[in-house]
$ cat run.txt   # compact mmCIF, C-alpha atoms
# COMPACT_ATOMS: atom_id res chain seq x y z
CA MET A 10 -30.74 -20.69 -47.86
CA SER A 11 -29.90 -19.63 -44.38
CA GLY A 12 -31.41 -19.05 -40.95
CA LYS A 13 -31.90 -21.16 -37.86
CA GLU A 14 -34.82 -23.22 -39.18
CA PHE A 15 -33.04 -24.02 -42.42
CA PHE A 16 -29.97 -25.36 -40.65
CA LEU A 17 -31.83 -27.21 -37.90
CA ARG A 18 -33.90 -28.96 -40.58
CA ARG A 19 -30.66 -29.99 -42.29
CA TYR A 20 -29.30 -31.44 -39.06
CA GLU A 21 -32.53 -33.40 -38.58
CA LYS A 22 -32.16 -34.83 -42.08
CA LEU A 23 -28.66 -35.90 -41.09
CA GLY A 24 -30.10 -37.71 -38.10
CA TRP A 25 -29.55 -35.28 -35.23
CA LYS A 26 -32.03 -33.30 -33.19
CA PRO A 27 -30.55 -30.42 -31.23
CA SER A 28 -30.73 -31.46 -27.63
CA ASP A 29 -29.49 -29.47 -24.67
CA VAL A 30 -26.12 -28.05 -25.53
CA LYS A 31 -24.20 -27.28 -22.36
CA LEU A 32 -20.57 -26.63 -23.22
CA LYS A 33 -18.11 -27.27 -20.45
CA GLN A 34 -14.77 -25.53 -20.19
CA ALA A 35 -11.78 -27.83 -20.44
CA ILE A 36 -8.02 -27.76 -20.02
CA ARG A 37 -5.21 -29.97 -21.26
CA ILE A 38 -2.12 -30.63 -19.17
CA ASN A 39 1.16 -30.01 -20.98
CA SER A 40 3.12 -33.03 -19.79
CA THR A 41 6.45 -31.65 -20.99
CA ASN A 42 6.19 -28.87 -18.42
CA VAL A 43 4.98 -30.82 -15.43
CA VAL A 44 6.60 -33.54 -13.38
CA ASP A 45 3.31 -35.18 -12.49
CA ASP A 46 -0.19 -34.49 -13.83
CA GLU A 47 -1.77 -35.26 -10.46
CA GLU A 48 0.46 -32.72 -8.77
CA THR A 49 -0.74 -30.05 -11.21
CA VAL A 50 -4.36 -31.02 -10.53
CA LYS A 51 -3.68 -30.64 -6.79
CA ARG A 52 -1.99 -27.26 -7.27
CA LEU A 53 -5.01 -25.96 -9.17
CA GLN A 54 -7.37 -27.43 -6.62
CA SER A 55 -5.56 -25.53 -3.87
CA ARG A 56 -6.31 -22.34 -5.81
CA GLY A 57 -10.01 -23.13 -6.06
CA ILE A 58 -10.10 -24.74 -9.50
CA LYS A 59 -11.67 -28.18 -9.33
CA LEU A 60 -11.01 -30.54 -12.20
CA GLU A 61 -12.67 -33.70 -13.38
CA LYS A 62 -10.89 -36.10 -15.73
CA ILE A 63 -12.42 -36.32 -19.21
CA SER A 64 -12.98 -40.01 -19.84
CA PHE A 65 -12.20 -39.91 -23.57
CA LEU A 66 -9.01 -37.81 -23.36
CA GLU A 67 -5.61 -38.73 -21.99
CA LYS A 68 -4.61 -35.29 -20.75
CA GLY A 69 -7.94 -33.47 -20.69
CA TYR A 70 -9.92 -32.27 -17.66
CA TRP A 71 -13.29 -30.57 -17.32
CA ILE A 72 -13.31 -27.52 -15.08
CA SER A 73 -16.11 -28.37 -12.67
CA GLN A 74 -15.64 -25.37 -10.40
CA ALA A 75 -13.45 -22.27 -10.57
CA LYS A 76 -13.07 -19.48 -8.04
CA LEU A 77 -10.78 -17.63 -10.43
CA SER A 78 -10.23 -17.58 -14.17
CA PRO A 79 -8.23 -20.63 -15.29
CA GLY A 80 -6.45 -18.28 -17.67
CA ALA A 81 -5.04 -16.26 -14.78
CA THR A 82 -3.09 -18.65 -12.59
CA THR A 83 0.64 -19.00 -12.09
CA GLU A 84 0.42 -22.55 -13.45
CA TYR A 85 -1.22 -21.30 -16.67
CA LEU A 86 1.46 -18.63 -17.10
CA LEU A 87 4.13 -21.29 -16.56
CA GLY A 88 2.69 -23.33 -19.44
CA MET A 89 1.65 -26.26 -17.27
CA TYR A 90 -1.70 -26.45 -19.02
CA SER A 91 -3.62 -24.97 -21.93
CA ILE A 92 -7.26 -23.99 -22.03
CA GLN A 93 -8.50 -26.14 -24.87
CA GLU A 94 -12.04 -27.21 -25.69
CA ALA A 95 -12.50 -30.96 -25.17
CA ALA A 96 -13.40 -31.93 -28.75
CA ALA A 97 -10.53 -29.78 -30.03
CA GLN A 98 -8.12 -31.98 -28.06
CA ILE A 99 -9.03 -35.08 -30.06
CA PRO A 100 -7.52 -34.50 -33.56
CA VAL A 101 -3.85 -34.24 -32.57
CA SER A 102 -4.15 -37.27 -30.26
CA LEU A 103 -4.95 -39.46 -33.29
CA PHE A 104 -1.52 -39.20 -34.93
CA THR A 105 0.68 -42.24 -34.44
CA ASN A 106 4.35 -42.21 -33.52
CA LEU A 107 5.06 -38.46 -33.54
CA LYS A 108 8.51 -38.58 -31.97
CA ASP A 109 11.25 -37.05 -34.15
CA LYS A 110 8.84 -36.52 -37.05
CA ILE A 111 8.64 -33.55 -39.43
CA VAL A 112 5.14 -32.20 -38.90
CA LEU A 113 3.13 -29.49 -40.64
CA ASP A 114 0.47 -27.54 -38.77
CA SER A 115 -1.01 -25.74 -41.71
CA CYS A 116 -3.52 -23.34 -40.10
CA ALA A 117 -1.88 -23.01 -36.71
CA ALA A 118 -3.03 -19.82 -34.93
CA PRO A 119 -3.79 -19.33 -32.10
CA GLY A 120 -1.66 -22.41 -31.43
CA GLY A 121 -3.58 -24.70 -29.05
CA LYS A 122 -3.07 -27.72 -31.28
CA THR A 123 0.52 -26.72 -32.15
CA VAL A 124 1.36 -26.81 -28.44
CA GLN A 125 -0.41 -30.16 -28.10
CA LEU A 126 1.62 -31.54 -31.02
CA ALA A 127 4.89 -30.35 -29.49
CA ASP A 128 3.87 -31.83 -26.16
CA LEU A 129 3.16 -35.24 -27.70
CA MET A 130 6.46 -35.00 -29.59
CA HIS A 131 8.27 -34.12 -26.31
CA ASN A 132 9.75 -31.19 -28.26
CA SER A 133 11.55 -33.60 -30.61
CA GLY A 134 11.54 -33.41 -34.41
CA VAL A 135 10.25 -30.30 -36.15
CA ILE A 136 6.88 -28.58 -36.41
CA VAL A 137 6.39 -26.10 -39.24
CA ALA A 138 3.43 -23.93 -38.24
CA LEU A 139 1.75 -21.74 -40.84
CA ASP A 140 -0.92 -19.13 -40.63
CA ILE A 141 -2.08 -16.72 -43.25
CA GLU A 142 -2.99 -13.86 -40.91
CA ARG A 143 -0.12 -11.76 -39.64
CA SER A 144 -2.27 -10.39 -36.82
CA LYS A 145 -2.68 -13.90 -35.37
CA LEU A 146 1.03 -14.74 -35.35
CA ALA A 147 1.76 -12.74 -32.20
CA ALA A 148 -0.84 -14.77 -30.28
CA LEU A 149 0.66 -17.97 -31.68
CA ALA A 150 4.19 -16.92 -30.67
CA ASN A 151 2.96 -15.92 -27.20
CA HIS A 152 1.36 -19.34 -26.80
CA LEU A 153 4.54 -21.15 -27.90
CA GLU A 154 6.71 -19.08 -25.56
CA ARG A 155 4.40 -19.52 -22.57
CA CYS A 156 4.24 -23.29 -23.08
CA ARG A 157 8.02 -23.57 -23.59
CA ILE A 158 7.80 -25.05 -27.07
CA ARG A 159 11.23 -25.58 -28.61
CA ASN A 160 10.73 -27.51 -31.84
CA THR A 161 8.55 -25.16 -33.88
CA VAL A 162 9.20 -22.68 -36.66
CA VAL A 163 6.41 -20.30 -37.61
CA TYR A 164 5.77 -18.69 -40.99
CA GLN A 165 3.15 -16.28 -42.21
CA MET A 166 1.95 -18.30 -45.15
CA ASP A 167 -1.22 -19.41 -46.86
CA ALA A 168 -1.48 -23.20 -46.38
CA ARG A 169 -2.12 -23.49 -50.12
CA ARG A 170 1.46 -22.32 -50.76
CA VAL A 171 3.09 -25.03 -48.62
CA ALA A 172 4.91 -26.53 -51.62
CA GLU A 173 7.11 -23.40 -51.71
CA LEU A 174 8.81 -24.66 -48.53
CA GLY A 175 10.14 -27.64 -50.48
CA VAL A 176 9.58 -29.98 -47.54
CA LYS A 177 7.94 -33.41 -47.47
CA PHE A 178 6.18 -33.99 -44.18
CA ASP A 179 5.63 -37.16 -42.12
CA ARG A 180 2.48 -35.82 -40.49
CA ILE A 181 0.14 -32.98 -41.42
CA LEU A 182 -2.49 -31.37 -39.25
CA LEU A 183 -5.22 -29.66 -41.25
CA ASP A 184 -7.34 -27.84 -38.72
CA VAL A 185 -8.83 -25.94 -41.61
CA PRO A 186 -10.65 -22.60 -41.46
CA CYS A 187 -14.35 -23.48 -41.42
CA SER A 188 -17.83 -22.12 -40.87
CA GLY A 189 -17.81 -23.06 -37.16
CA ASN A 190 -20.95 -24.16 -35.39
CA PHE A 191 -23.81 -22.66 -33.42
CA ALA A 192 -22.75 -24.21 -30.12
CA ALA A 193 -19.63 -22.07 -30.00
CA ASP A 194 -21.13 -18.91 -31.46
CA ASN A 195 -24.45 -17.33 -30.39
CA ASN A 196 -24.83 -15.43 -33.65
CA TRP A 197 -23.97 -18.35 -35.86
CA PHE A 198 -27.41 -18.82 -37.48
CA ALA A 199 -27.68 -15.12 -38.29
CA LYS A 200 -24.42 -14.89 -40.15
CA ARG A 201 -24.09 -18.17 -42.04
CA SER A 202 -25.58 -19.22 -45.36
CA LEU A 203 -25.20 -22.28 -47.54
CA LYS A 204 -23.35 -20.12 -50.05
CA ASP A 205 -20.48 -19.27 -47.72
CA ILE A 206 -20.37 -22.84 -46.42
CA LYS A 207 -19.80 -24.01 -49.99
CA ALA A 208 -17.15 -21.31 -50.47
CA ASN A 209 -15.33 -22.53 -47.34
CA ALA A 210 -15.58 -26.12 -48.55
CA GLY A 211 -13.86 -25.08 -51.77
CA ILE A 212 -10.95 -23.49 -49.91
CA GLN A 213 -10.69 -26.58 -47.69
CA ARG A 214 -10.36 -28.80 -50.79
CA GLU A 215 -7.55 -26.59 -52.09
CA ILE A 216 -5.74 -26.85 -48.75
CA LEU A 217 -6.25 -30.63 -48.67
CA ALA A 218 -4.92 -31.05 -52.20
CA LYS A 219 -1.77 -29.03 -51.50
CA ALA A 220 -1.18 -30.84 -48.21
CA ALA A 221 -1.50 -34.23 -49.89
CA GLY A 222 1.18 -33.13 -52.36
CA SER A 223 3.57 -32.27 -49.49
CA LEU A 224 2.99 -35.50 -47.56
CA LYS A 225 5.47 -38.39 -47.63
CA ASN A 226 4.26 -41.79 -48.73
CA ASP A 227 2.70 -43.60 -45.78
CA GLY A 228 2.36 -40.21 -44.05
CA GLU A 229 -0.71 -39.19 -42.09
CA ILE A 230 -3.05 -36.23 -42.41
CA ILE A 231 -5.54 -35.34 -39.72
CA TYR A 232 -8.30 -33.23 -41.23
CA ALA A 233 -10.53 -31.45 -38.71
CA THR A 234 -13.24 -28.82 -38.73
CA CYS A 235 -15.56 -27.46 -36.08
CA SER A 236 -18.32 -27.29 -38.69
CA LEU A 237 -21.41 -29.48 -38.66
CA GLU A 238 -22.00 -28.94 -42.36
CA PRO A 239 -21.38 -32.07 -44.46
CA GLU A 240 -20.03 -30.01 -47.38
CA GLU A 241 -17.01 -29.18 -45.17
CA ASP A 242 -16.82 -32.62 -43.61
CA GLU A 243 -17.85 -35.96 -45.14
CA MET A 244 -18.28 -34.57 -48.65
CA ASN A 245 -14.75 -33.14 -48.64
CA VAL A 246 -13.39 -36.46 -47.37
CA ASP A 247 -15.27 -38.31 -50.12
CA TRP A 248 -13.76 -35.90 -52.67
CA ALA A 249 -10.24 -36.42 -51.28
CA VAL A 250 -10.56 -40.21 -51.41
CA ARG A 251 -11.65 -40.06 -55.03
CA ASN A 252 -9.22 -37.39 -56.22
CA LEU A 253 -6.12 -37.33 -54.01
CA HIS A 254 -5.44 -41.05 -53.54
CA LEU A 255 -5.74 -40.76 -49.80
CA GLN A 256 -7.16 -43.56 -47.67
CA VAL A 257 -9.37 -42.94 -44.68
CA GLU A 258 -8.07 -44.76 -41.63
CA ASP A 259 -10.38 -46.10 -38.97
CA ILE A 260 -10.06 -44.11 -35.77
CA GLU A 261 -11.14 -44.92 -32.28
CA CYS A 262 -12.28 -41.84 -30.43
CA TYR A 263 -15.27 -40.03 -29.00
CA GLY A 264 -18.00 -39.29 -31.55
CA GLU A 265 -20.24 -40.96 -34.08
CA LYS A 266 -19.27 -42.61 -37.35
CA GLY A 267 -19.05 -40.36 -40.38
CA LEU A 268 -22.16 -40.18 -42.56
CA THR A 269 -22.02 -42.13 -45.82
CA GLU A 270 -25.29 -40.87 -47.24
CA ILE A 271 -25.88 -37.13 -47.36
CA PHE A 272 -29.21 -35.78 -48.60
CA GLY A 273 -29.66 -38.84 -50.81
CA LYS A 274 -26.11 -38.87 -52.17
CA LYS A 275 -24.02 -41.97 -51.39
CA LEU A 276 -20.39 -41.36 -50.37
CA HIS A 277 -17.39 -43.69 -50.39
CA ARG A 278 -17.94 -46.31 -47.68
CA SER A 279 -14.60 -45.52 -45.98
CA VAL A 280 -16.02 -42.12 -44.97
CA GLU A 281 -17.71 -43.88 -42.07
CA ASN A 282 -14.23 -44.25 -40.52
CA CYS A 283 -14.33 -40.52 -39.72
CA ARG A 284 -15.85 -39.15 -36.53
CA ARG A 285 -18.67 -36.62 -36.31
CA ILE A 286 -19.21 -34.98 -32.95
CA TRP A 287 -22.57 -33.29 -32.50
CA PRO A 288 -22.66 -30.52 -29.88
CA GLY A 289 -23.43 -31.49 -26.29
CA GLN A 290 -20.86 -31.20 -23.54
CA THR A 291 -18.40 -30.36 -26.28
CA GLN A 292 -18.81 -28.17 -29.32
CA GLY A 293 -19.43 -29.74 -32.73
CA PHE A 294 -16.44 -31.27 -34.49
CA PHE A 295 -15.49 -33.46 -37.41
CA ILE A 296 -12.30 -35.49 -37.67
CA CYS A 297 -10.78 -37.63 -40.40
CA LYS A 298 -7.45 -39.45 -40.49
CA PHE A 299 -5.98 -39.99 -43.95
CA ARG A 300 -2.98 -42.08 -44.94
CA LYS A 301 -1.14 -41.64 -48.18
CA GLY A 302 -0.71 -44.91 -50.05
CA GLY A 303 2.80 -46.17 -50.75
CA MET B 22 25.10 -13.08 -28.64
CA LYS B 23 27.30 -10.83 -26.51
CA LYS B 24 24.26 -9.04 -25.16
CA ILE B 25 22.72 -12.36 -24.09
CA THR B 26 25.79 -13.61 -22.23
CA ALA B 27 26.35 -10.16 -20.71
CA PHE B 28 22.76 -10.21 -19.48
CA ALA B 29 23.31 -13.62 -17.83
CA ARG B 30 26.43 -12.26 -16.10
CA GLU B 31 24.26 -9.63 -14.41
CA PHE B 32 22.84 -12.56 -12.41
CA GLY B 33 26.27 -14.04 -11.75
CA ALA B 34 25.60 -16.81 -14.29
CA LYS B 35 27.80 -17.96 -17.14
CA LEU B 36 25.88 -19.04 -20.21
CA GLU B 37 27.42 -21.17 -22.90
CA LEU B 38 25.23 -21.02 -25.98
CA ARG B 39 26.41 -22.25 -29.36
CA ARG B 40 26.72 -19.18 -31.54
CA ASN B 41 25.90 -21.10 -34.75
CA LEU B 42 22.56 -22.15 -33.30
CA ILE B 43 21.39 -18.64 -32.51
CA VAL B 44 19.30 -17.13 -35.29
CA LYS B 45 18.26 -13.51 -35.50
CA LYS B 46 15.07 -12.11 -36.94
CA ASN B 47 15.06 -8.29 -37.02
CA ASN B 48 15.82 -7.41 -33.38
CA ARG B 49 14.75 -10.79 -31.93
CA TYR B 50 17.04 -13.72 -31.05
CA PHE B 51 16.13 -17.42 -31.13
CA LEU B 52 17.98 -20.58 -30.13
CA VAL B 53 17.41 -23.55 -32.43
CA ASP B 54 18.81 -27.07 -32.53
CA GLU B 55 20.60 -28.76 -35.43
CA LYS B 56 17.37 -30.34 -36.65
CA LEU B 57 15.34 -27.13 -36.61
CA LYS B 58 18.00 -24.84 -38.06
CA PRO B 59 17.52 -25.82 -41.75
CA PHE B 60 13.82 -25.01 -41.38
CA ALA B 61 14.44 -21.49 -40.06
CA LEU B 62 14.67 -19.75 -43.42
CA ASP B 63 15.06 -15.97 -43.85
CA ASN B 64 11.39 -15.14 -43.59
CA PHE B 65 10.41 -17.08 -40.45
CA TYR B 66 8.38 -15.36 -37.75
CA PHE B 67 9.32 -17.47 -34.72
CA ALA B 68 11.72 -20.39 -34.30
CA GLY B 69 12.80 -22.69 -31.48
CA ILE B 70 13.42 -20.98 -28.17
CA TYR B 71 12.82 -17.26 -28.10
CA LEU B 72 15.70 -15.67 -26.18
CA GLY B 73 14.81 -11.99 -26.21
CA LYS B 74 15.04 -8.79 -28.18
CA VAL B 75 17.20 -5.69 -28.39
CA LYS B 76 15.46 -2.34 -28.34
CA LYS B 77 17.41 0.94 -28.31
CA SER B 78 20.60 -1.03 -27.53
CA LYS B 79 19.00 -2.59 -24.44
CA PHE B 80 18.42 -6.35 -24.16
CA PHE B 81 15.00 -7.56 -23.06
CA PRO B 82 15.10 -11.27 -22.12
CA SER B 83 12.40 -13.83 -22.74
CA PHE B 84 11.08 -15.89 -19.84
CA GLU B 85 12.63 -18.99 -21.37
CA LEU B 86 16.04 -17.33 -21.22
CA LEU B 87 15.44 -16.54 -17.55
CA ARG B 88 14.64 -20.23 -17.00
CA ILE B 89 17.84 -21.23 -18.79
CA ILE B 90 19.80 -18.85 -16.56
CA ALA B 91 18.04 -20.30 -13.49
CA GLU B 92 18.94 -23.84 -14.57
CA GLU B 93 22.59 -22.84 -14.93
CA GLY B 94 22.64 -23.07 -11.15
CA LYS B 95 24.82 -20.17 -10.06
CA ALA B 96 22.43 -17.32 -10.79
CA ASN B 97 21.19 -14.95 -8.07
CA GLN B 98 17.76 -16.04 -6.93
CA ILE B 99 15.19 -15.21 -4.32
CA THR B 100 12.31 -17.49 -3.37
CA ILE B 101 9.12 -15.70 -2.40
CA THR B 102 5.97 -16.61 -0.49
CA GLU B 103 2.82 -17.80 -2.24
CA ARG B 104 1.06 -14.59 -1.23
CA ALA B 105 3.74 -12.45 -2.85
CA GLU B 106 3.80 -14.65 -5.95
CA TRP B 107 0.58 -13.36 -7.52
CA LEU B 108 1.34 -9.75 -6.51
CA PHE B 109 4.69 -10.05 -8.31
CA ILE B 110 2.99 -11.55 -11.38
CA CYS B 111 0.65 -8.53 -11.35
CA GLY B 112 3.69 -6.26 -11.63
CA ARG B 113 4.21 -5.39 -7.96
CA ASP B 114 7.55 -5.12 -6.16
CA ILE B 115 8.61 -7.58 -3.45
CA PHE B 116 8.65 -6.75 0.24
CA GLY B 117 11.50 -8.06 2.36
CA LYS B 118 9.13 -10.01 4.62
CA ASN B 119 7.93 -12.06 1.63
CA ILE B 120 11.39 -13.37 0.74
CA LEU B 121 11.82 -16.93 1.97
CA LYS B 122 15.29 -17.70 0.64
CA VAL B 123 18.19 -15.90 -1.03
CA LYS B 124 20.82 -17.50 -3.23
CA GLY B 125 23.85 -15.70 -4.68
CA SER B 126 24.38 -11.97 -4.32
CA THR B 127 22.36 -9.95 -1.82
CA LYS B 128 23.87 -6.63 -2.86
CA ARG B 129 21.92 -3.54 -3.73
CA GLY B 130 21.62 -2.85 -7.47
CA VAL B 131 22.18 -6.41 -8.74
CA HIS B 132 19.63 -8.42 -10.68
CA THR B 133 18.05 -11.48 -9.15
CA LEU B 134 15.69 -14.13 -10.48
CA VAL B 135 12.40 -14.43 -8.65
CA MET B 136 11.32 -18.01 -7.92
CA SER B 137 8.13 -19.52 -6.53
CA LYS B 138 8.24 -21.94 -3.60
CA HIS B 139 7.85 -24.73 -6.20
CA GLY B 140 11.09 -23.61 -7.91
CA ASP B 141 9.42 -21.98 -10.93
CA CYS B 142 11.00 -18.86 -12.37
CA LEU B 143 8.45 -16.04 -12.24
CA GLY B 144 10.61 -13.24 -13.63
CA PHE B 145 13.38 -11.04 -12.33
CA GLY B 146 13.96 -7.92 -10.33
CA ARG B 147 16.59 -5.52 -9.04
CA ILE B 148 17.65 -5.56 -5.39
CA LEU B 149 16.93 -2.16 -3.83
CA HIS B 150 18.50 -2.68 -0.39
CA ASP B 151 21.08 -5.23 0.70
CA LEU B 152 19.05 -8.33 1.54
CA LYS B 153 21.41 -9.32 4.36
CA ASP B 154 20.15 -6.35 6.34
CA GLY B 155 16.58 -7.66 6.63
CA VAL B 156 14.64 -5.08 4.63
CA ALA B 157 11.37 -3.85 6.14
CA GLY B 158 9.76 -2.33 3.02
CA VAL B 159 10.23 -2.97 -0.71
CA ALA B 160 13.38 -5.05 -1.15
CA VAL B 161 13.29 -6.06 -4.81
CA LYS B 162 11.91 -4.01 -7.67
CA ASN B 163 9.94 -5.87 -10.29
CA VAL B 164 11.63 -5.58 -13.68
CA SER B 165 9.83 -8.32 -15.60
CA ASP B 166 7.31 -11.02 -14.67
CA ILE B 167 5.35 -13.81 -16.38
CA GLY B 168 2.12 -11.82 -16.02
CA ASP B 169 3.42 -10.20 -19.19
CA PHE B 170 1.87 -13.10 -21.15
CA LEU B 171 -1.57 -11.95 -19.97
CA ARG B 172 -0.83 -8.27 -20.54
CA ARG B 173 0.25 -9.05 -24.12
CA GLU B 174 -2.99 -11.00 -24.72
CA ARG B 175 -5.08 -8.12 -23.35
CA GLN B 176 -3.24 -5.58 -25.48
CA ARG B 177 -4.13 -7.51 -28.62
CA ARG B 178 -7.88 -7.61 -27.85
$ encode --input "run.txt" --output "structure tokens"
Amino acid sequence: MSGKEFFLRRYEKLGWKPSDVKLKQAIRINSTNVVDDEETVKRLQSRGIKLEKISFLEKGYWISQAKLSPGATTEYLLGMYSIQEAAAQIPVSLFTNLKDKIVLDSCAAPGGKTVQLADLMHNSGVIVALDIERSKLAALANHLERCRIRNTVVYQMDARRVAELGVKFDRILLDVPCSGNFAADNNWFAKRSLKDIKANAGIQREILAKAAGSLKNDGEIIYATCSLEPEEDEMNVDWAVRNLHLQVEDIECYGEKGLTEIFGKKLHRSVENCRRIWPGQTQGFFICKFRKGG
Amino acid sequence: MKKITAFAREFGAKLELRRNLIVKKNNRYFLVDEKLKPFALDNFYFAGIYLGKVKKSKFFPSFELLRIIAEEGKANQITITERAEWLFICGRDIFGKNILKVKGSTKRGVHTLVMSKHGDCLGFGRILHDLKDGVAGVAVKNVSDIGDFLRRERQRR
């Protein structure tokens, strides 16, 4: 069970027909490192990078024209902005009241969302950033240093071992490893099968379960994937609601409501509070905000 | 700790860092705050503000440490033109004609921070000829610049 036709048929059954997918490059301004967002936009414009505000993001801009690579400007090297796909900027923005909180970023590398967290926290509180792959930690550290992040400690650690830290967190970001989607990867259809999607979904459930155990009462978890496959998205949320005593909070952001019926199977009605983003200007994404009951 | 403050003195700056908030991991030094310190256990990879590393007894500063030294106020600094800015970031030395402003020592051999016209610290260099004399050719040798972030990324690919 694999191949382009197989997956496209699945998406049709879920109510989506692949339309034109034209991904646009986006940046996010790191407010902590700039005096004025508009001034940064002007500085980039003077270098030949034209920006257009993204309507559904507070700090996000589309790159509408670029005479040079946005990853090779003085402003980029000074940490004034990060190159971050538009949909990927949404999850972190959904946390409430981040200032002074103890936050876990459980699958952090290469660090785009870690930097966004620190920016929203104004470098207050603490971020514990984990990643299992040693080879990715250097890129994460480079990103933190470039963006002048001061409140983060990084460990090489499997997110499923988070309990070993002995910390209870106020907020947890689970940007879990996933199967990805075809919009961001030209070879996606050739290399993915339902079998490995189910394997990934299993790992994601393990990560979710361990995170829920390390979350304070009334704490928040943002669960995000860039997968379009319901096994990794709505079905995992449904499982978490039924097994981990987590509640799905309603979120207001770009995207469609989560699906509550998947291939004939009815899911918990609160799953519709999630957001599913089909590829278009952005890549595909899925976002859920959980709260742990008191 | 001594190596860090001695490095700052090379720019004519006096740094006052709290010793108990500096944590060391192998040859790398980090500055943490009271809140972060309990989270920086023995096996961390990165914590707080990276200050720099010691290799073969020599101290290599981070760019954040250079910014801290710049903020201290008394450090040697030169401000360069926009044209020279990208050349410096690409690893090139600085010609005298591209220096807009000099603060602190102008003497040959001393270290100086290199600033953009917007006041951003781009790295540091070593003065090759006394800057008071109006140098015609290369005036400041590039020692370290923020283009290093890109070079590190490319090395990893």
$ atom_distance --input "run.txt" --atom1 "CA of Glu92 in chain B" --atom2 "CA of Ser91 in chain A"
23.8 Å
$ residues_around --input "run.txt" --residues "Asp247 in chain A" --least-positions-apart "4" --cutoff "7 Å" --atoms "all atoms listed in the file" --output "ChimeraX atom specification"
/A:243,251,276-277,280
$ closest_atom_pairs --input "run.txt" --of "range 49-125 of chain A" --to "range 171-183 of chain A" --cutoff "12 Å" --atoms "only C-alpha atoms" --output "tab-separated table"
residue	atom	partner	partner_atom	distance
A:Ile99	CA	A:Leu182	CA	11.9
A:Pro100	CA	A:Leu182	CA	8.2
A:Val101	CA	A:Leu182	CA	7.4
A:Ser102	CA	A:Leu182	CA	10.9
A:Leu103	CA	A:Leu182	CA	10.3
A:Phe104	CA	A:Arg180	CA	7.6
A:Thr105	CA	A:Arg180	CA	9.0
A:Asn106	CA	A:Arg180	CA	9.6
A:Leu107	CA	A:Arg180	CA	7.9
A:Lys108	CA	A:Asp179	CA	10.6
A:Asp109	CA	A:Asp179	CA	9.8
A:Lys110	CA	A:Asp179	CA	6.0
A:Ile111	CA	A:Phe178	CA	5.4
A:Val112	CA	A:Arg180	CA	4.8
A:Leu113	CA	A:Ile181	CA	4.7
A:Asp114	CA	A:Leu182	CA	4.9
A:Ser115	CA	A:Leu183	CA	5.8
A:Cys116	CA	A:Leu183	CA	6.6
A:Ala117	CA	A:Leu183	CA	8.7
A:Ala118	CA	A:Leu183	CA	11.9
A:Gly120	CA	A:Leu182	CA	11.9
A:Lys122	CA	A:Leu182	CA	8.8
A:Thr123	CA	A:Leu182	CA	9.0
A:Gln125	CA	A:Leu182	CA	11.4
$ atom_distance --input "run.txt" --atom1 "CA of Gly144 in chain B" --atom2 "CA of Phe65 in chain B"
27.1 Å
$ closest_residue --input "run.txt" --among "A:Ile212, A:Leu149, A:Cys156, A:Leu253" --to "Val43 in chain A" --atoms "all atoms listed in the file"
A:Cys156
$ closest_atom_pairs --input "run.txt" --of "chain B" --to "chain A" --cutoff "9 Å" --atoms "all atoms listed in the file" --output "tab-separated table"
residue	atom	partner	partner_atom	distance
B:Leu52	CA	A:Arg159	CA	8.5
B:Val53	CA	A:Arg159	CA	7.5
B:Asp54	CA	A:Asn160	CA	8.1
B:Lys56	CA	A:Gly134	CA	7.0
B:Leu57	CA	A:Val135	CA	6.0
B:Phe60	CA	A:Val162	CA	7.0
B:Ala61	CA	A:Val162	CA	6.4
B:Asn64	CA	A:Tyr164	CA	7.1
B:Phe65	CA	A:Tyr164	CA	4.9
B:Tyr66	CA	A:Val163	CA	5.3
B:Phe67	CA	A:Val163	CA	5.0
B:Ala68	CA	A:Val162	CA	4.1
B:Gly69	CA	A:Arg159	CA	4.4
B:Ile70	CA	A:Arg159	CA	5.1
B:Tyr71	CA	A:Glu154	CA	6.9
B:Ser83	CA	A:Glu154	CA	8.2
B:Phe84	CA	A:Glu154	CA	7.9
B:Glu85	CA	A:Arg157	CA	6.9
B:Glu106	CA	A:Thr83	CA	8.2
B:Trp107	CA	A:Thr83	CA	7.3
B:Ile110	CA	A:Thr83	CA	7.8
B:Asp141	CA	A:Leu87	CA	7.8
B:Cys142	CA	A:Leu87	CA	8.4
B:Leu143	CA	A:Leu87	CA	8.1
B:Ile167	CA	A:Leu86	CA	6.2
B:Gly168	CA	A:Leu86	CA	6.9
B:Asp169	CA	A:Leu86	CA	8.9
B:Phe170	CA	A:Asn151	CA	6.8
B:Leu171	CA	A:Ala81	CA	7.6
B:Arg173	CA	A:Asn151	CA	8.0
B:Glu174	CA	A:Ala148	CA	7.1
B:Arg177	CA	A:Ala148	CA	8.1
$ residues_around --input "run.txt" --residues "Leu36 in chain B" --least-positions-apart "2" --cutoff "10 Å" --atoms "all atoms listed in the file" --output "ChimeraX atom specification"
/B:25-30,33-34,38-39,89-90,93
$ residues_around --input "run.txt" --residues "range 114-131 of chain B" --least-positions-apart "5" --cutoff "7 Å" --atoms "only C-alpha atoms" --output "list in words"
Glu31, Ala96, Asn97, Gln98, Ile99, Thr100, Ile101, Thr102, Ala105, Phe109, Arg147, Ile148, Leu149, His150, Asp151, Leu152, Lys153, Gly155, Val156, Ala157, Gly158, Val159, Ala160, Val161, Lys162 and Asn163 of chain B
$ atom_distance --input "run.txt" --atom1 "CA of Gly73 in chain B" --atom2 "CA of Tyr50 in chain B"
5.6 Å
$ axis_aligned_box --input "run.txt" --around "range 223-232 of chain A" --padding-each-side "8 Å" --output "JSON"
{"center_x": -1.4, "center_y": -37.9, "center_z": -44.6, "size_x": 29.8, "size_y": 27.3, "size_z": 25.8}
